[in-house]
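Chemist: This is the content of data27.txt (compact mmCIF, C-alpha atoms):
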# COMPACT_ATOMS: atom_id res chain seq x y z
CA MET Z 1 64.73 -19.26 105.70
CA VAL Z 2 61.73 -20.67 107.49
CA ALA Z 3 60.14 -21.74 104.23
CA ASN Z 4 63.16 -23.84 103.42
CA LEU Z 5 62.79 -25.72 106.66
CA LEU Z 6 59.29 -26.75 105.78
CA VAL Z 7 57.60 -28.75 103.08
CA PRO Z 8 58.65 -26.80 99.96
CA ALA Z 9 62.25 -27.89 100.34
CA PHE Z 10 61.25 -31.43 99.53
CA PHE Z 11 59.44 -30.55 96.35
CA ALA Z 12 60.64 -27.24 95.01
CA ASP Z 13 63.90 -26.37 93.44
CA LEU Z 14 63.29 -22.68 93.23
CA TYR Z 15 66.11 -20.33 94.13
CA PRO Z 16 66.67 -19.55 96.99
CA PHE Z 17 64.83 -22.64 98.23
CA SER Z 18 66.10 -25.99 97.15
CA ALA Z 19 66.17 -29.69 97.91
CA TYR Z 20 69.43 -30.05 95.96
CA THR Z 21 67.91 -32.62 93.67
CA MET Z 22 70.90 -32.97 91.39
CA PHE Z 23 72.04 -36.52 90.74
CA SER Z 24 69.14 -37.98 92.72
CA HIS Z 25 68.26 -40.49 90.03
CA ARG Z 26 69.98 -43.80 89.46
CA PRO Z 27 70.40 -44.36 85.74
CA THR Z 28 71.53 -47.83 84.64
CA SER Z 29 72.53 -46.73 81.16
CA LEU Z 30 73.11 -43.51 79.25
CA SER Z 31 72.27 -42.94 75.62
CA TRP Z 32 73.04 -40.19 73.16
CA VAL Z 33 73.27 -39.47 69.45
CA GLU Z 34 76.24 -38.22 67.44
CA PHE Z 35 75.91 -36.29 64.17
CA GLU Z 36 78.25 -36.12 61.18
CA ASP Z 37 77.77 -33.96 58.11
CA ALA Z 38 78.28 -35.10 54.51
CA ASP Z 39 82.06 -34.52 54.84
CA GLY Z 40 82.28 -36.77 57.88
CA LYS Z 41 82.79 -33.82 60.21
CA ARG Z 42 81.21 -34.02 63.68
CA VAL Z 43 78.50 -31.45 64.27
CA LYS Z 44 76.65 -30.61 67.45
CA PRO Z 45 73.21 -32.19 67.68
CA ALA Z 46 72.08 -29.15 69.68
CA ALA Z 47 72.42 -27.08 66.52
CA TYR Z 48 69.54 -29.16 65.15
CA GLY Z 49 67.41 -29.11 68.28
CA VAL Z 50 68.58 -32.42 69.73
CA HIS Z 51 70.00 -32.13 73.20
CA ASN Z 52 72.09 -34.89 74.61
CA HIS Z 53 72.10 -33.52 78.11
CA TYR Z 54 71.81 -36.22 80.64
CA LEU Z 55 69.77 -34.25 83.11
CA ALA Z 56 71.36 -34.58 86.48
CA ASN Z 57 68.76 -32.19 87.77
CA PRO Z 58 65.13 -33.24 87.29
CA HIS Z 59 63.88 -29.68 87.59
CA VAL Z 60 64.41 -28.93 83.97
CA ARG Z 61 62.84 -26.08 82.12
CA PRO Z 62 61.82 -27.22 78.66
CA GLY Z 63 61.58 -24.36 76.26
CA MET Z 64 64.37 -22.34 77.79
CA GLN Z 65 67.60 -23.36 76.15
CA ALA Z 66 66.49 -26.68 74.75
CA ASP Z 67 63.45 -26.39 72.58
CA GLY Z 68 64.08 -29.75 70.99
CA LEU Z 69 64.53 -33.31 72.11
CA VAL Z 70 65.76 -33.97 75.58
CA ARG Z 71 66.11 -37.28 77.34
CA PHE Z 72 65.55 -37.25 81.03
CA LEU Z 73 67.19 -40.43 82.23
CA GLY Z 74 69.37 -41.36 79.33
CA GLU Z 75 66.85 -43.42 77.38
CA PRO Z 76 67.67 -43.60 73.66
CA LEU Z 77 66.06 -41.25 71.18
CA THR Z 78 64.25 -43.04 68.39
CA GLU Z 79 64.98 -42.48 64.73
CA GLN Z 80 61.55 -40.95 64.17
CA GLU Z 81 61.93 -38.53 67.08
CA VAL Z 82 65.30 -37.36 65.82
CA ARG Z 83 64.09 -37.10 62.23
CA ASP Z 84 61.03 -35.05 63.17
CA THR Z 85 63.15 -32.71 65.25
CA ILE Z 86 66.04 -32.05 62.91
CA LEU Z 87 64.32 -31.89 59.50
CA PRO Z 88 62.77 -28.43 60.03
CA ARG Z 89 66.23 -27.15 61.03
CA MET Z 90 68.22 -28.64 58.17
CA ALA Z 91 69.17 -26.76 55.02
CA PRO Z 92 67.62 -28.01 51.76
CA GLY Z 93 69.60 -30.98 50.48
CA GLU Z 94 71.66 -31.27 53.62
CA THR Z 95 72.56 -34.77 54.79
CA LEU Z 96 73.38 -35.89 58.30
CA SER Z 97 74.68 -39.27 59.44
CA ILE Z 98 73.47 -40.17 62.90
CA ARG Z 99 74.84 -42.71 65.34
CA GLN Z 100 72.90 -43.77 68.39
CA MET Z 101 75.24 -44.63 71.27
CA ARG Z 102 74.74 -46.33 74.60
CA MET Z 103 76.84 -46.65 77.72
CA TYR Z 104 76.16 -49.33 80.34
CA ARG Z 105 77.85 -51.29 83.11
CA ASP Z 106 78.14 -55.07 83.01
CA ASP Z 107 77.83 -57.48 85.94
CA GLN Z 108 81.56 -57.31 86.59
CA GLY Z 109 81.36 -53.56 87.10
CA LYS Z 110 83.03 -52.65 83.80
CA VAL Z 111 81.62 -49.76 81.75
CA HIS Z 112 81.07 -50.29 78.03
CA THR Z 113 80.14 -47.99 75.16
CA GLU Z 114 78.43 -49.36 72.06
CA GLN Z 115 76.69 -48.16 68.95
CA THR Z 116 73.06 -49.26 69.06
CA ASP Z 117 71.80 -47.84 65.78
CA ALA Z 118 72.76 -45.64 62.85
CA TRP Z 119 70.84 -43.91 60.11
CA SER Z 120 71.06 -40.91 57.84
CA VAL Z 121 68.64 -38.08 57.22
CA GLU Z 122 68.51 -36.05 54.04
CA ALA Z 123 66.54 -32.85 53.86
CA PRO Z 124 64.35 -32.54 50.74
CA MET K 1 108.21 -14.49 120.30
CA ILE K 2 106.27 -17.03 118.26
CA ALA K 3 103.92 -17.53 121.17
CA ARG K 4 103.28 -13.77 121.32
CA ILE K 5 102.59 -13.58 117.60
CA GLU K 6 100.38 -16.63 117.87
CA ALA K 7 98.46 -15.13 120.77
CA HIS K 8 98.08 -11.85 118.90
CA LEU K 9 96.80 -13.56 115.77
CA THR K 10 94.45 -15.78 117.73
CA GLU K 11 93.02 -12.75 119.46
CA ARG K 12 92.48 -10.95 116.18
CA VAL K 13 90.78 -13.85 114.46
CA ARG K 14 88.46 -14.82 117.29
CA ILE K 15 85.65 -12.77 115.92
CA GLY K 16 87.19 -12.80 112.48
CA ARG K 17 85.65 -16.12 111.50
CA TYR K 18 82.27 -14.71 110.53
CA TRP K 19 83.67 -11.57 108.94
CA THR K 20 86.00 -13.85 106.97
CA LEU K 21 83.09 -16.07 106.03
CA LEU K 22 81.00 -13.09 105.00
CA ALA K 23 83.83 -11.49 103.03
CA GLY K 24 84.51 -14.76 101.21
CA LEU K 25 80.88 -15.41 100.36
CA LEU K 26 80.37 -11.89 99.09
CA PHE K 27 83.57 -12.04 97.06
CA ILE K 28 82.53 -15.36 95.50
CA ALA K 29 79.04 -14.03 94.78
CA THR K 30 80.24 -10.80 93.18
CA SER K 31 83.01 -12.41 91.13
CA PHE K 32 80.75 -15.29 90.11
CA ALA K 33 78.09 -12.92 88.95
CA PHE K 34 80.54 -10.64 87.20
CA ASN K 35 81.94 -13.57 85.24
CA ASN K 36 78.50 -14.81 84.29
CA PRO K 37 76.50 -12.10 82.56
CA VAL K 38 74.56 -14.86 80.81
CA PRO K 39 73.37 -13.88 77.34
CA HIS K 40 69.72 -14.09 76.58
CA PRO K 41 69.11 -17.54 75.12
CA PRO K 42 66.46 -18.37 72.56
CA GLY K 43 63.17 -19.83 73.66
CA THR K 44 60.40 -18.91 76.02
CA ARG K 45 60.38 -19.53 79.72
CA ILE K 46 57.83 -22.22 80.47
CA HIS K 47 58.92 -22.90 84.02
CA HIS K 48 60.77 -20.69 86.42
CA LEU K 49 63.74 -21.76 88.47
CA ALA K 50 63.67 -18.89 90.94
CA VAL K 51 60.86 -17.65 93.15
CA LEU K 52 61.38 -14.12 91.87
CA GLY K 53 61.13 -15.44 88.32
CA TYR K 54 57.38 -15.63 88.89
CA VAL K 55 57.27 -12.01 90.00
CA ILE K 56 59.72 -10.13 87.78
CA PRO K 57 58.51 -9.59 84.21
CA GLU K 58 60.62 -11.35 81.60
CA ALA K 59 61.39 -8.11 79.77
CA VAL K 60 62.79 -6.62 82.97
CA LEU K 61 64.80 -9.71 83.84
CA ASP K 62 66.44 -9.81 80.42
CA HIS K 63 67.31 -6.12 80.32
CA PRO K 64 71.02 -5.32 80.87
CA VAL K 65 70.10 -2.53 83.26
CA TYR K 66 68.56 -5.12 85.58
CA TRP K 67 71.77 -7.12 85.79
CA TRP K 68 74.04 -4.13 86.32
CA THR K 69 71.70 -2.62 88.92
CA ALA K 70 71.54 -5.91 90.79
CA TRP K 71 75.29 -6.42 90.63
CA LEU K 72 76.04 -2.88 91.78
CA MET K 73 73.60 -3.25 94.68
CA MET K 74 75.31 -6.47 95.74
CA ALA K 75 78.88 -5.26 95.29
CA GLY K 76 78.28 -1.77 96.69
CA GLY K 77 76.30 -3.13 99.61
CA ALA K 78 79.00 -5.70 100.33
CA VAL K 79 81.81 -3.15 100.41
CA THR K 80 79.78 -0.85 102.64
CA TRP K 81 78.74 -3.69 104.94
CA LEU K 82 82.27 -5.02 105.31
CA ALA K 83 83.55 -1.50 105.96
CA GLY K 84 81.16 -1.30 108.89
CA ARG K 85 79.19 1.58 107.42
CA GLY K 86 75.45 1.92 107.09
CA LEU K 87 74.81 -1.26 109.05
CA ARG K 88 71.07 -0.60 109.08
CA VAL K 89 70.81 -0.62 105.28
CA ALA K 90 73.91 -2.23 103.74
CA PRO K 91 73.05 -5.86 104.59
CA ILE K 92 69.56 -5.46 103.13
CA VAL K 93 70.85 -3.86 99.93
CA THR K 94 73.49 -6.58 99.61
CA LEU K 95 71.02 -9.40 100.08
CA VAL K 96 68.45 -7.92 97.70
CA GLY K 97 71.22 -7.44 95.13
CA MET K 98 72.39 -11.02 95.62
CA LEU K 99 68.85 -12.36 95.25
CA LEU K 100 68.40 -10.42 92.01
CA VAL K 101 71.78 -11.46 90.61
CA TYR K 102 71.32 -15.17 91.30
CA THR K 103 67.71 -15.00 90.13
CA HIS K 104 69.02 -13.68 86.83
CA ASP K 105 71.57 -16.47 86.76
CA VAL K 106 69.24 -19.41 87.35
CA GLU K 107 66.48 -17.94 85.19
CA HIS K 108 68.91 -18.10 82.28
CA MET K 109 69.83 -21.69 82.96
CA PHE K 110 68.38 -24.81 81.45
CA TYR K 111 68.12 -26.38 84.88
CA THR K 112 68.84 -25.13 88.34
CA ARG K 113 72.42 -24.58 89.35
CA HIS K 114 72.83 -24.59 93.10
CA GLN K 115 75.98 -22.55 93.50
CA GLY K 116 74.10 -19.47 94.63
CA PHE K 117 71.89 -21.02 97.26
CA MET K 118 74.29 -21.30 100.16
CA PRO K 119 75.82 -17.79 99.99
CA THR K 120 72.33 -16.33 99.85
CA GLN K 121 70.98 -18.27 102.77
CA ILE K 122 74.03 -17.85 104.99
CA GLY K 123 73.88 -14.22 103.89
CA PHE K 124 70.39 -14.03 105.36
CA VAL K 125 71.67 -15.23 108.73
CA LEU K 126 74.64 -12.86 108.75
CA ALA K 127 72.48 -9.94 107.64
CA ALA K 128 69.99 -10.70 110.41
CA TRP K 129 72.83 -10.76 112.94
CA THR K 130 74.23 -7.45 111.66
CA LEU K 131 70.83 -5.79 111.79
CA ILE K 132 69.97 -7.11 115.23
CA ASP K 133 73.37 -6.33 116.77
CA ARG K 134 74.23 -3.26 114.71
CA LYS K 135 74.55 -1.00 117.74
CA ARG K 136 77.04 -3.29 119.48
CA ILE K 137 78.96 -3.78 116.24
CA ALA K 138 79.00 -0.03 115.52
CA GLU K 139 80.22 0.72 119.05
CA ALA K 140 83.00 -1.83 118.70
CA ILE K 141 84.00 -0.32 115.36
CA ALA K 142 84.05 3.15 116.93
CA ARG K 143 86.24 1.86 119.76
CA GLY K 144 88.48 0.08 117.27
CA THR K 145 87.88 -3.21 119.05
CA VAL K 146 85.72 -5.02 116.56
CA TRP K 147 88.29 -7.79 116.20
CA GLN K 148 88.78 -8.20 119.93
CA ASP K 149 85.23 -7.94 121.20
CA THR K 150 83.15 -11.04 121.63
CA LEU K 151 80.40 -9.83 119.37
CA LEU K 152 79.31 -13.14 118.04
CA PRO K 153 76.12 -14.56 119.55
CA ARG K 154 75.75 -18.29 119.74
CA TRP K 155 72.61 -18.36 117.61
CA VAL K 156 74.55 -17.11 114.59
CA GLU K 157 76.89 -20.07 114.82
CA TYR K 158 74.10 -22.61 115.17
CA ALA K 159 71.91 -20.95 112.56
CA THR K 160 74.65 -21.05 109.93
CA LEU K 161 75.78 -24.58 110.74
CA GLY K 162 72.22 -25.81 111.12
CA TYR K 163 71.27 -24.25 107.83
CA MET K 164 74.23 -25.82 106.05
CA GLY K 165 73.43 -29.16 107.65
CA TRP K 166 69.81 -28.90 106.61
CA HIS K 167 70.84 -28.26 103.02
CA TYR K 168 72.88 -31.43 102.91
CA THR K 169 70.19 -33.40 104.71
CA VAL K 170 67.47 -32.53 102.19
CA SER K 171 69.94 -33.44 99.46
CA GLY K 172 70.44 -36.88 101.02
CA ILE K 173 66.71 -37.34 101.60
CA SER K 174 66.05 -36.33 98.00
CA LYS K 175 68.37 -39.10 96.78
CA ILE K 176 66.83 -41.72 99.07
CA ALA K 177 63.28 -40.64 98.22
CA THR K 178 63.99 -40.74 94.49
CA SER K 179 66.17 -43.84 94.22
CA GLY K 180 66.25 -45.55 97.61
CA ILE K 181 69.32 -46.56 99.60
CA GLY K 182 70.45 -48.39 96.48
CA TRP K 183 71.35 -44.99 95.02
CA ALA K 184 74.81 -45.71 96.37
CA ASN K 185 75.35 -48.94 94.41
CA ALA K 186 78.17 -47.37 92.32
CA GLU K 187 76.57 -48.00 88.91
CA SER K 188 75.27 -44.51 88.20
CA LEU K 189 78.43 -42.80 89.46
CA GLN K 190 80.56 -45.02 87.23
CA LEU K 191 78.38 -44.07 84.25
CA TRP K 192 78.45 -40.36 85.07
CA MET K 193 82.21 -40.46 85.39
CA ALA K 194 82.70 -42.50 82.25
CA ARG K 195 80.50 -40.16 80.22
CA PHE K 196 81.11 -36.75 81.75
CA GLY K 197 84.07 -37.10 84.11
CA PHE K 198 87.61 -36.12 83.25
CA GLY K 199 91.11 -36.49 84.61
CA PRO K 200 92.73 -39.43 86.37
CA VAL K 201 90.34 -39.33 89.32
CA GLY K 202 87.30 -39.45 87.05
CA ALA K 203 88.80 -42.37 85.13
CA PHE K 204 89.68 -44.22 88.33
CA ILE K 205 86.14 -43.86 89.71
CA ALA K 206 84.63 -44.99 86.39
CA GLU K 207 86.80 -48.12 86.39
CA THR K 208 86.65 -49.01 90.09
CA PRO K 209 83.22 -50.15 91.31
CA TRP K 210 84.22 -50.67 94.94
CA PHE K 211 85.66 -47.16 95.18
CA ALA K 212 82.65 -45.60 93.45
CA GLY K 213 80.27 -47.47 95.76
CA MET K 214 82.23 -46.55 98.87
CA GLY K 215 82.33 -42.89 97.83
CA MET K 216 78.60 -42.79 97.17
CA ALA K 217 77.77 -44.51 100.46
CA ILE K 218 79.93 -42.07 102.43
CA VAL K 219 78.43 -39.05 100.65
CA LEU K 220 74.89 -40.33 101.18
CA PHE K 221 75.60 -40.77 104.89
CA LEU K 222 77.27 -37.37 105.31
CA GLU K 223 74.50 -35.59 103.42
CA THR K 224 71.59 -37.34 105.10
CA PHE K 225 72.91 -36.77 108.61
CA GLY K 226 74.34 -33.31 107.91
CA ILE K 227 71.70 -31.66 110.09
CA LEU K 228 73.12 -33.54 113.08
CA GLY K 229 76.75 -33.86 112.08
CA LEU K 230 77.56 -30.25 111.24
CA PRO K 231 76.09 -28.44 114.28
CA TRP K 232 77.40 -31.01 116.77
CA LYS K 233 80.87 -29.89 117.76
CA VAL K 234 82.34 -33.39 118.09
CA SER K 235 81.37 -34.59 114.63
CA ARG K 236 81.66 -31.21 112.91
CA PRO K 237 85.27 -31.52 111.62
CA VAL K 238 84.63 -35.04 110.30
CA PHE K 239 81.45 -34.04 108.47
CA GLY K 240 83.03 -30.81 107.29
CA PHE K 241 86.12 -32.53 105.96
CA GLY K 242 84.10 -35.30 104.30
CA LEU K 243 81.77 -32.86 102.56
CA LEU K 244 84.72 -30.70 101.54
CA VAL K 245 86.42 -33.70 99.90
CA PHE K 246 83.10 -34.50 98.21
CA HIS K 247 82.88 -30.98 96.73
CA LEU K 248 86.52 -30.98 95.67
CA SER K 249 86.15 -34.36 93.98
CA LEU K 250 83.14 -33.05 92.03
CA GLU K 251 85.21 -30.07 91.03
CA ILE K 252 88.16 -32.07 89.68
CA THR K 253 86.03 -34.68 87.94
CA LEU K 254 82.87 -32.91 86.75
CA ASN K 255 83.88 -29.25 86.93
CA LEU K 256 81.10 -28.55 89.43
CA GLY K 257 82.61 -25.78 91.52
CA PHE K 258 80.62 -25.11 94.68
CA TYR K 259 83.04 -22.48 95.93
CA ALA K 260 80.71 -20.91 98.48
CA ASN K 261 79.94 -24.31 100.00
CA GLU K 262 83.64 -25.12 100.14
CA TRP K 263 84.50 -21.76 101.68
CA SER K 264 81.77 -22.11 104.30
CA LEU K 265 82.87 -25.64 105.21
CA ILE K 266 86.51 -24.53 105.56
CA ILE K 267 85.72 -21.50 107.70
CA LEU K 268 83.01 -23.03 109.87
CA THR K 269 84.04 -26.64 110.36
CA MET K 270 87.82 -26.82 110.15
CA PRO K 271 89.67 -26.10 113.41
CA LEU K 272 91.26 -22.93 112.04
CA PHE K 273 89.88 -20.44 114.52
CA LYS K 274 89.82 -20.37 118.24
CA ASP K 275 86.28 -20.06 119.54
CA THR K 276 85.13 -16.91 121.19
CA PRO K 277 83.97 -17.32 124.77
CA GLU K 278 80.38 -16.75 123.69
CA SER K 279 80.45 -19.41 121.01
CA ALA K 280 82.52 -21.93 122.92
What's the C-alpha cells form of this structure?

Modeler:
Amino acid sequence: MVANLLVPAFFADLYPFSAYTMFSHRPTSLSWVEFEDADGKRVKPAAYGVHNHYLANPHVRPGMQADGLVRFLGEPLTEQEVRDTILPRMAPGETLSIRQMRMYRDDQGKVHTEQTDAWSVEAP
Amino acid sequence: MIARIEAHLTERVRIGRYWTLLAGLLFIATSFAFNNPVPHPPGTRIHHLAVLGYVIPEAVLDHPVYWWTAWLMMAGGAVTWLAGRGLRVAPIVTLVGMLLVYTHDVEHMFYTRHQGFMPTQIGFVLAAWTLIDRKRIAEAIARGTVWQDTLLPRWVEYATLGYMGWHYTVSGISKIATSGIGWANAESLQLWMARFGFGPVGAFIAETPWFAGMGMAIVLFLETFGILGLPWKVSRPVFGFGLLVFHLSLEITLNLGFYANEWSLIILTMPLFKDTPESA
C-alpha cells in the first residue's frame, strides 16, 4: 500500500502496484496487416507470428504470447519485416496475400481507412 | 409502515456498506479467477507483470496445483471471513490467495490487465481493519449486533476512498506525463473506437469529434483530481458517478469490464447508505 503511494507507481506496472498506464499514448494513426491464403480466405496474422495488437498498455511483455512482430503505436509493418517473420512459419509452397492497412483522422474529424500497400509471400 | 421498514433497513445497512463492498469484491475476484484459468501460452517470460512473478519460479506458477491452491485459499478465506470466523487468519489467507490468483492471471497476459488491482488493494485495507478491530467485530457477532453496531472507524472510509482516488490520479498523471494535456484532443479516442469499438455508442464516439473530445477531457479531469474528488464528501458523488459512467462506457464499447472498480464506486460514492455516526 505504502509503496504504491511513492515513486514506483509512476514507473512500474507490476501487480499489485500500478500507474494504470493503459491508453496513455496519443496515436494519430493505426496500422495493421491482413492476410489471405491462396483461396482468398482470411487467416489470422498471429498464426504466422505477426501481431496486430495496438498496444494500449506500454508495459508489454515481448516473448510471452507474441514472439513475433508487434507494433507499439500503430506504425506500419514493412514488407521485409513481415516477410522475415512469416516465412519460417509457412508451409512449403504456401502463399499468402498481405494487405497493409491504415486508419487516420482528417482535419474535419472524420476517420478514414485505406490500404497503403499489398504484396504476396510464397514459401519456397 | 413504510417508514418503519425504511428505518429498519437503514439501521441494518449502516455498517453493511463495507461488508457489502467486501462481499462484492471477493465474489468478483473468485468468479473472475474461476472463469479465467488461463492456459499456458507458448513463449518464455522475458518481463514480469507482477511483483511475485520475480519471486515464484515459472514451473510453479504454471502448475495447475498452484492455481487451484491459490483459488481455494481465496475462496475459502473469503467465505470464512464473511462468516465472521477465524478473523485473525481468514483475511490474511484470503489476501494471499487473491495475490497468487491475480499474479497467475497477469503473468499469463501479454500486457498488464488492471482488473485485479483495486480488489486487492481495497482488500488490504479491509483486511487491516478486520485484523485491528477483530475483537470488537467478534464481540458484535457474538451479541448478534454486527449490523447495528457502529464498528466502522473513519480511517477505513478515508483509506479506501483515498486509495481509489490515488489510483485514478496516477492514471491521469500517467496520461499527462506521456502525452500532455493534448491527450484529450479526441483524435486517439476516435481511432480506438473506429478500430476496436463496437455498438452504437462506439460508432457515435468514432464519428463525433466534439463528443469524443468532451468525454476525454472530463475523464482526464476526473482521473487527475480523483485523489481530492473522491475522499471529499461534497464532490464524492459527482466524481463517483462520472468515473462509473466512464467505466460503463468502456465496457459497452471496448469490452473492458472493470467490475471491481464499478462495484467500489457504487458502494462507496453513491448515496445508497446512510452514514454511521462514526463515519459521518

Chemist: Give the residues of chain K that lie within 8 Å of chain Z; count all atoms listed in the file, and format the answer as an MDAnalysis selection string.

Modeler: chainID K and resid 41:51 99 102:103 106 108:112 114 116:117 120:121 124 166:168 170:171 174:176 178:179 183 187:188 190:191 194:195 206:209

Chemist: Would you mind reading off the distance between atom CA of Thr253 of chain K and atom CA of Phe204 of chain K, one decimal, in Å?

Modeler: 10.2 Å

Chemist: So that I can check the surroundings of Gly76 of chain K, please list as a list in words every protein, DNA and RNA residue that reaches within 12 Å of it, counting only C-alpha atoms and ignoring chain neighbours fewer than 2 positions away.

Modeler: Leu26, Phe27, Thr30, Trp68, Thr69, Ala70, Trp71, Leu72, Met73, Met74, Ala78, Val79, Thr80, Trp81, Leu82, Ala83, Arg85, Gly86, Val89, Ala90, Pro91, Ile92, Val93, Thr94, Leu95, Val96, Gly97 and Met98 of chain K

Chemist: Those same residues, written as a PDB file, keeping the file's coordinate frame with C-alpha atoms?

Modeler:
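Saved file part-v6.pdb follows:
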ATOM      1  CA  LEU K  26      80.370 -11.890  99.090  1.00  0.00           C
ATOM      2  CA  PHE K  27      83.570 -12.040  97.060  1.00  0.00           C
ATOM      3  CA  THR K  30      80.240 -10.800  93.180  1.00  0.00           C
ATOM      4  CA  TRP K  68      74.040  -4.130  86.320  1.00  0.00           C
ATOM      5  CA  THR K  69      71.700  -2.620  88.920  1.00  0.00           C
ATOM      6  CA  ALA K  70      71.540  -5.910  90.790  1.00  0.00           C
ATOM      7  CA  TRP K  71      75.290  -6.420  90.630  1.00  0.00           C
ATOM      8  CA  LEU K  72      76.040  -2.880  91.780  1.00  0.00           C
ATOM      9  CA  MET K  73      73.600  -3.250  94.680  1.00  0.00           C
ATOM     10  CA  MET K  74      75.310  -6.470  95.740  1.00  0.00           C
ATOM     11  CA  ALA K  78      79.000  -5.700 100.330  1.00  0.00           C
ATOM     12  CA  VAL K  79      81.810  -3.150 100.410  1.00  0.00           C
ATOM     13  CA  THR K  80      79.780  -0.850 102.640  1.00  0.00           C
ATOM     14  CA  TRP K  81      78.740  -3.690 104.940  1.00  0.00           C
ATOM     15  CA  LEU K  82      82.270  -5.020 105.310  1.00  0.00           C
ATOM     16  CA  ALA K  83      83.550  -1.500 105.960  1.00  0.00           C
ATOM     17  CA  ARG K  85      79.190   1.580 107.420  1.00  0.00           C
ATOM     18  CA  GLY K  86      75.450   1.920 107.090  1.00  0.00           C
ATOM     19  CA  VAL K  89      70.810  -0.620 105.280  1.00  0.00           C
ATOM     20  CA  ALA K  90      73.910  -2.230 103.740  1.00  0.00           C
ATOM     21  CA  PRO K  91      73.050  -5.860 104.590  1.00  0.00           C
ATOM     22  CA  ILE K  92      69.560  -5.460 103.130  1.00  0.00           C
ATOM     23  CA  VAL K  93      70.850  -3.860  99.930  1.00  0.00           C
ATOM     24  CA  THR K  94      73.490  -6.580  99.610  1.00  0.00           C
ATOM     25  CA  LEU K  95      71.020  -9.400 100.080  1.00  0.00           C
ATOM     26  CA  VAL K  96      68.450  -7.920  97.700  1.00  0.00           C
ATOM     27  CA  GLY K  97      71.220  -7.440  95.130  1.00  0.00           C
ATOM     28  CA  MET K  98      72.390 -11.020  95.620  1.00  0.00           C
TER      29      MET K  98
END

Chemist: I need every residue sitting at most 12 Å from the point (85.9, -22.5, 103.5) (coordinates as in the file, only C-alpha atoms considered), written as number ranges by chain.

Modeler: K: 17-18, 20-25, 28, 119, 240-241, 243-245, 247-248, 258-273

Chemist: Store the residues picked out above, limited to C-alpha atoms, as a PDB file, in the coordinates of the input.

Modeler:
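Printed below is selection_32.pdb as written:
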ATOM      1  CA  ARG K  17      85.650 -16.120 111.500  1.00  0.00           C
ATOM      2  CA  TYR K  18      82.270 -14.710 110.530  1.00  0.00           C
ATOM      3  CA  THR K  20      86.000 -13.850 106.970  1.00  0.00           C
ATOM      4  CA  LEU K  21      83.090 -16.070 106.030  1.00  0.00           C
ATOM      5  CA  LEU K  22      81.000 -13.090 105.000  1.00  0.00           C
ATOM      6  CA  ALA K  23      83.830 -11.490 103.030  1.00  0.00           C
ATOM      7  CA  GLY K  24      84.510 -14.760 101.210  1.00  0.00           C
ATOM      8  CA  LEU K  25      80.880 -15.410 100.360  1.00  0.00           C
ATOM      9  CA  ILE K  28      82.530 -15.360  95.500  1.00  0.00           C
ATOM     10  CA  PRO K 119      75.820 -17.790  99.990  1.00  0.00           C
ATOM     11  CA  GLY K 240      83.030 -30.810 107.290  1.00  0.00           C
ATOM     12  CA  PHE K 241      86.120 -32.530 105.960  1.00  0.00           C
ATOM     13  CA  LEU K 243      81.770 -32.860 102.560  1.00  0.00           C
ATOM     14  CA  LEU K 244      84.720 -30.700 101.540  1.00  0.00           C
ATOM     15  CA  VAL K 245      86.420 -33.700  99.900  1.00  0.00           C
ATOM     16  CA  HIS K 247      82.880 -30.980  96.730  1.00  0.00           C
ATOM     17  CA  LEU K 248      86.520 -30.980  95.670  1.00  0.00           C
ATOM     18  CA  PHE K 258      80.620 -25.110  94.680  1.00  0.00           C
ATOM     19  CA  TYR K 259      83.040 -22.480  95.930  1.00  0.00           C
ATOM     20  CA  ALA K 260      80.710 -20.910  98.480  1.00  0.00           C
ATOM     21  CA  ASN K 261      79.940 -24.310 100.000  1.00  0.00           C
ATOM     22  CA  GLU K 262      83.640 -25.120 100.140  1.00  0.00           C
ATOM     23  CA  TRP K 263      84.500 -21.760 101.680  1.00  0.00           C
ATOM     24  CA  SER K 264      81.770 -22.110 104.300  1.00  0.00           C
ATOM     25  CA  LEU K 265      82.870 -25.640 105.210  1.00  0.00           C
ATOM     26  CA  ILE K 266      86.510 -24.530 105.560  1.00  0.00           C
ATOM     27  CA  ILE K 267      85.720 -21.500 107.700  1.00  0.00           C
ATOM     28  CA  LEU K 268      83.010 -23.030 109.870  1.00  0.00           C
ATOM     29  CA  THR K 269      84.040 -26.640 110.360  1.00  0.00           C
ATOM     30  CA  MET K 270      87.820 -26.820 110.150  1.00  0.00           C
ATOM     31  CA  PRO K 271      89.670 -26.100 113.410  1.00  0.00           C
ATOM     32  CA  LEU K 272      91.260 -22.930 112.040  1.00  0.00           C
ATOM     33  CA  PHE K 273      89.880 -20.440 114.520  1.00  0.00           C
TER      34      PHE K 273
END

Chemist: Could you work out how far atom CA of Val156 of chain K lies from atom CA of Ile227 of chain K, giving the answer in Å with one decimal?

Modeler: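 Those two atoms sit 15.5 Å apart.
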
Chemist: Please export segment 60-64 of chain K as a PDB file, in the first residue's frame, restricted to N, CA, C and O atoms.

Modeler:
ATOM      1  N   VAL K  60       6.506 -23.436 -11.068  1.00  0.00           N
ATOM      2  CA  VAL K  60       5.484 -23.447 -10.014  1.00  0.00           C
ATOM      3  C   VAL K  60       4.264 -22.665 -10.478  1.00  0.00           C
ATOM      4  O   VAL K  60       3.116 -23.110 -10.345  1.00  0.00           O
ATOM      5  N   LEU K  61       4.507 -21.501 -11.050  1.00  0.00           N
ATOM      6  CA  LEU K  61       3.425 -20.627 -11.484  1.00  0.00           C
ATOM      7  C   LEU K  61       2.546 -21.290 -12.538  1.00  0.00           C
ATOM      8  O   LEU K  61       1.335 -21.073 -12.587  1.00  0.00           O
ATOM      9  N   ASP K  62       3.138 -22.097 -13.384  1.00  0.00           N
ATOM     10  CA  ASP K  62       2.393 -22.720 -14.474  1.00  0.00           C
ATOM     11  C   ASP K  62       1.743 -24.037 -14.082  1.00  0.00           C
ATOM     12  O   ASP K  62       1.018 -24.631 -14.878  1.00  0.00           O
ATOM     13  N   HIS K  63       2.017 -24.503 -12.867  1.00  0.00           N
ATOM     14  CA  HIS K  63       1.466 -25.798 -12.465  1.00  0.00           C
ATOM     15  C   HIS K  63       0.002 -25.636 -12.033  1.00  0.00           C
ATOM     16  O   HIS K  63      -0.329 -24.706 -11.308  1.00  0.00           O
ATOM     17  N   PRO K  64      -0.880 -26.551 -12.484  1.00  0.00           N
ATOM     18  CA  PRO K  64      -2.301 -26.429 -12.107  1.00  0.00           C
ATOM     19  C   PRO K  64      -2.530 -26.421 -10.601  1.00  0.00           C
ATOM     20  O   PRO K  64      -3.470 -25.777 -10.120  1.00  0.00           O
TER      21      PRO K  64
END
